[in-house]
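**Q** Let me give you the structure first, and then I'll get to my questions.
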Amino acid sequence: MTEQQMREAMARAVEEVREKNPLAPSITNTVTQDFVANAQLAVGGSAAMLYLADESESIAKVAPAFYVNMGTAMPFYEETLPRTARALYDNRTPWVLDPVGIGLSSLRTKILTQLKEFKPSIIRGNASEIIALAKLWQLITTDAGQVRGVDSTEKVSSAKTSAVALATFTGGAVAVSGEEDLVTDGEQIILCAGGSILSTKITGSGCALGGIMAIYLTVATPFIAALTATTMFNLAGTKAAAEFNAPASFKINFLDNLYELTAEDVSENFRVVGSLENMFNFNFGL
Amino acid sequence: MTEQQMREAMARAVEEVREKNPLAPSITNTVTQDFVANAQLAVGGSAAMLYLADESESIAKVAPAFYVNMGTAMPFYEETLPRTARALYDNRTPWVLDPVGIGLSSLRTKILTQLKEFKPSIIRGNASEIIALAKLWQLITTDAGQVRGVDSTEKVSSAKTSAVALATFTGGAVAVSGEEDLVTDGEQIILCAGGSILSTKITGSGCALGGIMAIYLTVATPFIAALTATTMFNLAGTKAAAEFNAPASFKINFLDNLYELTAEDVSENFRVVGSLENMFNFNFGL
Amino acid sequence: MTEQQMREAMARAVEEVREKNPLAPSITNTVTQDFVANAQLAVGGSAAMLYLADESESIAKVAPAFYVNMGTAMPFYEETLPRTARALYDNRTPWVLDPVGIGLSSLRTKILTQLKEFKPSIIRGNASEIIALAKLWQLITTDAGQVRGVDSTEKVSSAKTSAVALATFTGGAVAVSGEEDLVTDGEQIILCAGGSILSTKITGSGCALGGIMAIYLTVATPFIAALTATTMFNLAGTKAAAEFNAPASFKINFLDNLYELTAEDVSENFRVVGSLENMFNFNFGL
């Protein structure tokens with residue numbers, strides 16, 4: 001895709017979500033559900049969080065997209081997650097997987113191993129998580145990718161090979177969050193700049209980003225959905241950081257910006273500023 | 001009741017809660033607990049959220065009111081909810097039921113069916129949920145009331161018959177939330193205006209409203225409690241929307257307004273602006 | 001310790017946390033996780049919330065500190081909490097216990113009784129909770145310490161004996177939150193003033209305070225960690241209350257202040273203003 005094509009597809013996705021108010025249900029961690037739901041609502045989507053295996057399974061069959069975040073795994077996730085993922089895969093419902101907390105416990109490892117066959121449309125995580133997932137699914141061999149709690153110990157660029165391997169395997173897209181964000185469909189690799197370091201000072205930024213990706217998945221391809229959510233997110237963060245320099249007021253303004261951003265904003269402020277190896281390097285003209 | 005009597009009863013409820021700081025414990029969804037608790041605190045109440053069957057059962061016996069929101073049902077709700085509802089009913093503890101998510105799973109249907117005999121003092125939901133509950137409890141026969149996730153597909157007015165049927169059955173009150181809000185005790189049917197469309201852009205507005213109803217239930221009849229909470233809520237929303245036009249800053253101001261509203265504000269700004277069929281139509285003079 | 005020594009130790013703790021970004025994982029209630037995590041991030045720490053026994057147990061072995069809040073106990077806490085506390089104790093990982101909800105159910109009583117042998121480094125609660133825990137652990141005999149939901153029915157000073165008994169037993173520190181806050185290591189008893197009554201109008205203030213204590217425990221002794229967190233908290237609250245007089249905007253500004261406070265602020269604004277019995281009485285020069 002050319003830069004202009006991406007621009008147009010992203011603008012369409014932003015508009016279509018504002019028109020349709022699509023629902024993307026979630027199984028997501030208890031810490032950041034409020035932030036995820038409010039971010040989904042702010043971009044024009046609708047939210048519903050679930051825990052029960054039978055209801056997430058049945059909703060997975062009819063929802064236009066779904067968000068799965070491993071965050072605060074509870075004992076019953078052992079049943080809920082694989083059954084939901086199978087229903088998503090069998091019914092071709094596109095879905096986002098955020099493997100946060102990968103490696104923390106044998107239950108997580110077991111569940112994430114099972115999820116491989118249900119090929120998430122978008123995988124979103126920080127560099128450490130993406131590397132760890134590519135290793136767990138035996139798509140790469142490396143010693144990197146140590147995870148410390150929910151934070152990354154790796155740079156985004158270090159996850160490039162893993163991201164491409166995962167996207168190639170799933171046939172979807174992978175988004176690696178960090179100071180810059182990498183989005184790939186296995187062929188094109190885009191580096192998105194923008195956003196603010198203050199995003200790391202509020203809990204749930206990554207979760208909210210994943211939740212928005214699921215909203216855009218209801219109207220766009222995995223690659224465009226990941227790119228649109230990332231661009232909206234970074235633009236809202238850049239604008240908020242220009243007005244506020246402390247995290248709680250930054251977060252309020254960030255959500256307000258998500259609500260106010262238009263298709264035009266996204267399209268106008270997204271531009272290729274260079275390329276590195278086979279990466280395009282995008283930036284915002286703010 | 002005349003409009004003036006309602007006005008006076010509502011003013012008393014607002015004041016009494018500010019004086020007594022009453023506790024209304026909740027079993028409520030994990031997404032919006034922070035919002036529910038902060039809304040309860042803002043109007044002068046006290047909050048405590050519970051999951052365990054034995055503790056919610058024992059607290060149900062001594063609390064002055066209780067809030068039950070089906071939202072993010074977890075596996076152990078199967079035990080917790082019926083036991084709590086039975087304790088509430090047996091001890092004549094008034095309680096609010098928010099049947100959010102009705103119809104999403106067999107467990108929810110099973111639990112909600114069981115709750116019928118424990119007659120919630122107030123049932124609060126959107127039009128679809130109220131219609132669906134009236135159908136589930138076999139109080140009406142209709143094809144309407146499809147529920148999509150947590151959002152309503154029906155207009156408030158379409159739930160009038162269901163709301164009256166439910167209130168008549170329980171002997172309490174029913175509140176139907178929407179662009180306008182319907183409150184009925186089975187005899188009088190009040191339409192409350194005010195509030196803001198921005199309430200639909202923040203997660204948990206309905207939950208917070210239900211939580212506040214439980215606070216007012218500690219000092220007022222179900223009908224007055226539902227009416228007071230709805231009026232406080234709409235007034236706080238109308239004021240917030242006059243100052244902010246994006247959802248996150250709207251929410252902050254909305255909560256601040258809940259904290260600052262007085263009995264006088266509620267009484268002065270509540271007036272009958274007309275009647276439709278057997279409905280009174282209330283509005284705010286803002 | 002002299003006042004000057006405390007001042008210096010607190011300043012060092014504030015700085016070291018800002019430099020190291022230490023992770024203090026939590027098992028904490030679902031209502032206030034967002035607030036706890038954001039408060040931990042605001043002071044420079046890192047957050048991760050857990051539920052599963054095997055993962056909290058394994059993380060308890062390697063984390064530099066840990067936060068346990070009983071809040072919204074779920075059925076699986078019966079396994080998770082004792083296993084985690086044992087791992088913390090066996091591996092000498094310092095940890096904070098917040099016994100919120102003590103006495104609400106037999107499960108809580110059972111779990112809290114088991115936790116005694118794993119000696120939490122800091123115990124934080126309101127006066128009623130501290131008294132109730134000292135009674136449960138048979139360290140005092142009294143009729144006081146009735147708990148009503150999550151609120152205290154006792155004054156901070158009434159918990160002095162219980163606090164000293166608990167701190168003497170654990171060899172750590174105890175912090176009693178209230179209008180004034182008492183911090184003791186069993187020998188020195190410090191009374192901290194400051195903060196704002198608005199803290200009682202937002203849910204989770206106590207939880208957030210406990211979460212911050214766990215962050216400072218990664219770099220300081222229990223006594224200094226409790227004192228530093230309390231001082232940061234009160235200072236942020238005093239400043240926020242000077243600018244905002246409604247709870248939601250107060251909370252936003254409070255979190256922003258936590259982010260902006262420096263070691264110098266803490267050190268400069270902490271001073272002994274008197275002594276009562278064997279208590280030092282500290283205050284802020286705002």
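Here, A, B, ... name the chains of the structure tokens in the order displayed, residue numbers run from 1 inside each chain, and ligands are numbered from 1 in the same displayed order.
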With a cut-off of 12 Å and counting only C-alpha atoms, select all residues of chain A in contact with chain C and give the selection as number ranges by chain.
**A** A: 29-36, 70-78, 100-109, 148-152, 198-205, 244-253
**Q** Let me see the file: selected residues, N, CA and C atoms, as a short mmCIF file (atom, residue, chain, number, x, y, z; two decimals), in the first residue's frame.
**A**
data_model
loop_
_atom_site.label_atom_id
_atom_site.label_comp_id
_atom_site.auth_asym_id
_atom_site.auth_seq_id
_atom_site.Cartn_x
_atom_site.Cartn_y
_atom_site.Cartn_z
N ASN A 29 -8.20 -7.09 31.47
CA ASN A 29 -7.83 -7.05 32.88
C ASN A 29 -8.67 -6.05 33.68
N THR A 30 -8.83 -6.35 34.96
CA THR A 30 -9.70 -5.55 35.82
C THR A 30 -9.11 -4.17 36.15
N VAL A 31 -7.81 -4.02 36.00
CA VAL A 31 -7.17 -2.75 36.37
C VAL A 31 -7.60 -1.61 35.45
N THR A 32 -7.70 -1.92 34.16
CA THR A 32 -7.82 -0.84 33.18
C THR A 32 -9.11 -0.91 32.36
N GLN A 33 -10.10 -1.67 32.83
CA GLN A 33 -11.34 -1.80 32.06
C GLN A 33 -12.01 -0.46 31.83
N ASP A 34 -12.01 0.39 32.83
CA ASP A 34 -12.64 1.70 32.69
C ASP A 34 -11.97 2.50 31.59
N PHE A 35 -10.65 2.47 31.55
CA PHE A 35 -9.89 3.22 30.55
C PHE A 35 -10.13 2.63 29.15
N VAL A 36 -10.09 1.30 29.05
CA VAL A 36 -10.33 0.64 27.76
C VAL A 36 -11.72 1.00 27.23
N MET A 70 -4.74 -10.53 28.37
CA MET A 70 -4.46 -11.54 29.40
C MET A 70 -4.29 -10.94 30.79
N GLY A 71 -3.98 -9.65 30.85
CA GLY A 71 -3.70 -8.90 32.08
C GLY A 71 -3.86 -9.66 33.39
N THR A 72 -4.90 -9.35 34.12
CA THR A 72 -5.11 -9.95 35.43
C THR A 72 -5.85 -11.28 35.30
N ALA A 73 -5.15 -12.28 34.79
CA ALA A 73 -5.77 -13.60 34.60
C ALA A 73 -6.39 -14.11 35.90
N MET A 74 -7.58 -14.66 35.79
CA MET A 74 -8.25 -15.28 36.93
C MET A 74 -8.37 -16.78 36.64
N PRO A 75 -8.63 -17.57 37.70
CA PRO A 75 -8.64 -19.03 37.50
C PRO A 75 -9.52 -19.48 36.34
N PHE A 76 -10.70 -18.85 36.18
CA PHE A 76 -11.62 -19.33 35.15
C PHE A 76 -11.21 -18.94 33.74
N TYR A 77 -10.15 -18.14 33.60
CA TYR A 77 -9.64 -17.83 32.26
C TYR A 77 -9.23 -19.11 31.52
N GLU A 78 -8.84 -20.11 32.28
CA GLU A 78 -8.41 -21.37 31.68
C GLU A 78 -9.49 -21.94 30.77
N VAL A 100 -0.22 -9.50 27.46
CA VAL A 100 0.40 -8.88 28.64
C VAL A 100 0.55 -9.91 29.77
N GLY A 101 1.70 -9.89 30.41
CA GLY A 101 1.97 -10.82 31.50
C GLY A 101 2.46 -12.17 31.02
N ILE A 102 2.78 -12.29 29.72
CA ILE A 102 3.27 -13.57 29.20
C ILE A 102 4.47 -14.06 30.01
N GLY A 103 4.44 -15.33 30.38
CA GLY A 103 5.55 -15.92 31.12
C GLY A 103 5.44 -15.83 32.62
N LEU A 104 4.41 -15.13 33.11
CA LEU A 104 4.29 -14.95 34.56
C LEU A 104 3.89 -16.24 35.29
N SER A 105 3.21 -17.14 34.61
CA SER A 105 2.74 -18.35 35.29
C SER A 105 2.53 -19.47 34.29
N SER A 106 2.46 -20.67 34.80
CA SER A 106 2.24 -21.82 33.93
C SER A 106 0.86 -21.76 33.28
N LEU A 107 -0.14 -21.19 33.99
CA LEU A 107 -1.47 -21.09 33.40
C LEU A 107 -1.46 -20.15 32.18
N ARG A 108 -0.78 -19.03 32.31
CA ARG A 108 -0.68 -18.12 31.17
C ARG A 108 0.01 -18.79 29.98
N THR A 109 1.09 -19.48 30.28
CA THR A 109 1.84 -20.16 29.22
C THR A 109 0.96 -21.19 28.53
N ARG A 148 9.54 -8.02 32.39
CA ARG A 148 9.52 -7.65 33.80
C ARG A 148 8.15 -7.10 34.13
N GLY A 149 7.35 -7.91 34.79
CA GLY A 149 5.99 -7.47 35.10
C GLY A 149 5.26 -7.12 33.82
N VAL A 150 4.77 -5.92 33.72
CA VAL A 150 4.04 -5.52 32.53
C VAL A 150 4.84 -4.54 31.67
N ASP A 151 6.09 -4.33 32.02
CA ASP A 151 6.91 -3.36 31.29
C ASP A 151 7.89 -4.05 30.37
N SER A 152 8.30 -3.33 29.34
CA SER A 152 9.22 -3.89 28.37
C SER A 152 10.66 -3.64 28.80
N LEU A 198 4.30 10.61 28.76
CA LEU A 198 3.33 10.59 29.86
C LEU A 198 2.40 9.38 29.78
N SER A 199 2.25 8.82 28.57
CA SER A 199 1.44 7.60 28.43
C SER A 199 1.98 6.47 29.29
N THR A 200 3.28 6.48 29.56
CA THR A 200 3.87 5.42 30.39
C THR A 200 3.64 5.71 31.87
N LYS A 201 3.12 6.90 32.18
CA LYS A 201 2.88 7.27 33.57
C LYS A 201 1.41 7.11 33.94
N ILE A 202 0.60 6.59 33.02
CA ILE A 202 -0.78 6.25 33.34
C ILE A 202 -0.97 4.77 33.04
N THR A 203 -1.68 4.09 33.92
CA THR A 203 -1.86 2.66 33.73
C THR A 203 -2.87 2.38 32.61
N GLY A 204 -2.57 1.38 31.78
CA GLY A 204 -3.55 0.94 30.80
C GLY A 204 -3.46 1.56 29.43
N SER A 205 -2.43 2.33 29.14
CA SER A 205 -2.31 2.91 27.80
C SER A 205 -2.31 1.82 26.74
N PHE A 244 -0.78 19.57 28.82
CA PHE A 244 -0.66 19.16 30.22
C PHE A 244 0.65 18.41 30.43
N ASN A 245 1.30 18.63 31.56
CA ASN A 245 2.54 17.91 31.81
C ASN A 245 2.52 17.06 33.07
N ALA A 246 1.34 16.69 33.51
CA ALA A 246 1.22 15.75 34.63
C ALA A 246 0.20 14.68 34.22
N PRO A 247 0.36 13.46 34.73
CA PRO A 247 -0.33 12.31 34.12
C PRO A 247 -1.86 12.28 34.23
N ALA A 248 -2.43 12.69 35.35
CA ALA A 248 -3.89 12.54 35.48
C ALA A 248 -4.62 13.52 34.58
N SER A 249 -4.16 14.76 34.54
CA SER A 249 -4.82 15.72 33.63
C SER A 249 -4.48 15.40 32.18
N PHE A 250 -3.29 14.85 31.94
CA PHE A 250 -2.95 14.37 30.60
C PHE A 250 -3.95 13.31 30.15
N LYS A 251 -4.27 12.38 31.03
CA LYS A 251 -5.18 11.29 30.66
C LYS A 251 -6.58 11.80 30.30
N ILE A 252 -7.08 12.74 31.08
CA ILE A 252 -8.40 13.31 30.80
C ILE A 252 -8.39 13.97 29.43
N ASN A 253 -7.37 14.78 29.18
CA ASN A 253 -7.30 15.47 27.90
C ASN A 253 -7.07 14.50 26.74
#
**Q** From a DSSP calculation on the backbone, collect every residue of stretch 90-270 of chain B in helix (DSSP H, G or I) and output the set as a PyMOL selection string.
**A** chain B and resi 90+106-118+127-136+156-170+197-201+205-217+222-243+247-260+263-268
**Q** I'd like the neighbourhood of A:Gly195 as a list in words, where a residue qualifies if any of its atoms comes within 8 Å (using only C-alpha atoms), though same-chain residues fewer than 3 positions away should be ignored.
**A**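 Listed by chain and then number, they are Ser199, Phe233, Asn234, Leu235, Ala236, Gly237, Thr238 and Ala241 of chain A.
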**Q** What would the file look like if the residues just selected were written as a CSV table (one decimal), in the first residue's frame with C-alpha atoms?
**A**
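Result file is again28.csv:
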chain,number,residue,atom,x,y,z
A,199,SER,CA,1.4,7.6,28.4
A,233,PHE,CA,-3.6,7.2,20.0
A,234,ASN,CA,-0.4,9.0,19.2
A,235,LEU,CA,-2.1,12.1,17.9
A,236,ALA,CA,-4.3,12.3,21.0
A,237,GLY,CA,-1.2,11.9,23.2
A,238,THR,CA,0.9,14.5,21.3
A,241,ALA,CA,1.2,16.5,26.2
**Q** Please return, as an mmCIF file with N, CA and C atoms, in the first residue's frame, all residues of stretch 69-214 of chain C that DSSP assigns to strand (DSSP E) on the basis of the backbone.
**A**
data_model
loop_
_atom_site.group_PDB
_atom_site.id
_atom_site.type_symbol
_atom_site.label_atom_id
_atom_site.label_comp_id
_atom_site.auth_asym_id
_atom_site.auth_seq_id
_atom_site.Cartn_x
_atom_site.Cartn_y
_atom_site.Cartn_z
ATOM 1 N N ASN C 69 -4.026 -6.128 49.511
ATOM 2 C CA ASN C 69 -5.215 -5.424 49.989
ATOM 3 C C ASN C 69 -6.392 -6.397 49.903
ATOM 4 N N TRP C 95 6.536 -6.478 52.494
ATOM 5 C CA TRP C 95 5.184 -6.317 51.940
ATOM 6 C C TRP C 95 4.272 -5.512 52.845
ATOM 7 N N VAL C 96 3.261 -4.939 52.204
ATOM 8 C CA VAL C 96 2.270 -4.125 52.896
ATOM 9 C C VAL C 96 0.965 -4.907 52.952
ATOM 10 N N LEU C 97 0.357 -4.943 54.134
ATOM 11 C CA LEU C 97 -0.972 -5.547 54.267
ATOM 12 C C LEU C 97 -1.996 -4.465 54.586
ATOM 13 N N ASP C 98 -3.058 -4.418 53.798
ATOM 14 C CA ASP C 98 -4.187 -3.536 54.079
ATOM 15 C C ASP C 98 -5.375 -4.434 54.392
ATOM 16 N N ILE C 122 4.644 -3.637 56.612
ATOM 17 C CA ILE C 122 3.805 -2.487 56.962
ATOM 18 C C ILE C 122 2.359 -2.959 56.996
ATOM 19 N N ILE C 123 1.635 -2.567 58.030
ATOM 20 C CA ILE C 123 0.193 -2.773 58.071
ATOM 21 C C ILE C 123 -0.441 -1.386 58.006
ATOM 22 N N ARG C 124 -1.326 -1.184 57.027
ATOM 23 C CA ARG C 124 -1.984 0.107 56.889
ATOM 24 C C ARG C 124 -3.486 -0.072 56.953
ATOM 25 N N GLY C 125 -4.157 0.761 57.720
ATOM 26 C CA GLY C 125 -5.604 0.680 57.781
ATOM 27 C C GLY C 125 -6.145 1.878 58.521
ATOM 28 N N ASN C 126 -7.481 1.960 58.611
ATOM 29 C CA ASN C 126 -8.027 3.011 59.459
ATOM 30 C C ASN C 126 -8.037 2.492 60.900
ATOM 31 N N VAL C 147 -16.033 -2.393 62.900
ATOM 32 C CA VAL C 147 -15.832 -1.951 61.531
ATOM 33 C C VAL C 147 -17.192 -1.825 60.846
ATOM 34 N N ARG C 148 -17.426 -0.691 60.182
ATOM 35 C CA ARG C 148 -18.652 -0.543 59.405
ATOM 36 C C ARG C 148 -18.261 -0.471 57.940
ATOM 37 N N ASP C 151 -15.393 1.853 56.302
ATOM 38 C CA ASP C 151 -15.127 3.103 57.004
ATOM 39 C C ASP C 151 -14.806 2.874 58.470
ATOM 40 N N SER C 152 -14.093 3.807 59.044
ATOM 41 C CA SER C 152 -13.701 3.686 60.434
ATOM 42 C C SER C 152 -14.761 4.286 61.328
ATOM 43 N N ALA C 173 6.391 -1.699 60.517
ATOM 44 C CA ALA C 173 5.718 -0.440 60.835
ATOM 45 C C ALA C 173 4.212 -0.592 60.663
ATOM 46 N N VAL C 174 3.481 0.293 61.332
ATOM 47 C CA VAL C 174 2.025 0.327 61.192
ATOM 48 C C VAL C 174 1.608 1.773 60.915
ATOM 49 N N ALA C 175 0.695 1.943 59.978
ATOM 50 C CA ALA C 175 0.197 3.277 59.645
ATOM 51 C C ALA C 175 -1.308 3.291 59.814
ATOM 52 N N VAL C 176 -1.797 4.208 60.635
ATOM 53 C CA VAL C 176 -3.233 4.343 60.869
ATOM 54 C C VAL C 176 -3.706 5.623 60.187
ATOM 55 N N SER C 177 -4.611 5.464 59.222
ATOM 56 C CA SER C 177 -5.072 6.616 58.448
ATOM 57 C C SER C 177 -6.312 7.222 59.075
ATOM 58 N N ASP C 181 -2.679 11.132 60.541
ATOM 59 C CA ASP C 181 -2.198 9.778 60.298
ATOM 60 C C ASP C 181 -1.107 9.435 61.295
ATOM 61 N N LEU C 182 -1.243 8.250 61.881
ATOM 62 C CA LEU C 182 -0.261 7.791 62.858
ATOM 63 C C LEU C 182 0.651 6.771 62.190
ATOM 64 N N VAL C 183 1.948 6.947 62.343
ATOM 65 C CA VAL C 183 2.914 5.980 61.822
ATOM 66 C C VAL C 183 3.847 5.582 62.959
ATOM 67 N N THR C 184 3.990 4.272 63.155
ATOM 68 C CA THR C 184 4.850 3.806 64.247
ATOM 69 C C THR C 184 5.650 2.581 63.845
ATOM 70 N N ILE C 189 6.392 7.036 67.612
ATOM 71 C CA ILE C 189 5.015 7.195 67.131
ATOM 72 C C ILE C 189 4.892 8.601 66.549
ATOM 73 N N ILE C 190 4.670 8.665 65.254
ATOM 74 C CA ILE C 190 4.609 9.954 64.572
ATOM 75 C C ILE C 190 3.178 10.258 64.169
ATOM 76 N N LEU C 191 2.745 11.479 64.407
ATOM 77 C CA LEU C 191 1.429 11.917 63.926
ATOM 78 C C LEU C 191 1.652 12.854 62.747
ATOM 79 N N CYS C 192 1.109 12.515 61.601
ATOM 80 C CA CYS C 192 1.255 13.345 60.402
ATOM 81 C C CYS C 192 -0.046 14.072 60.119
#
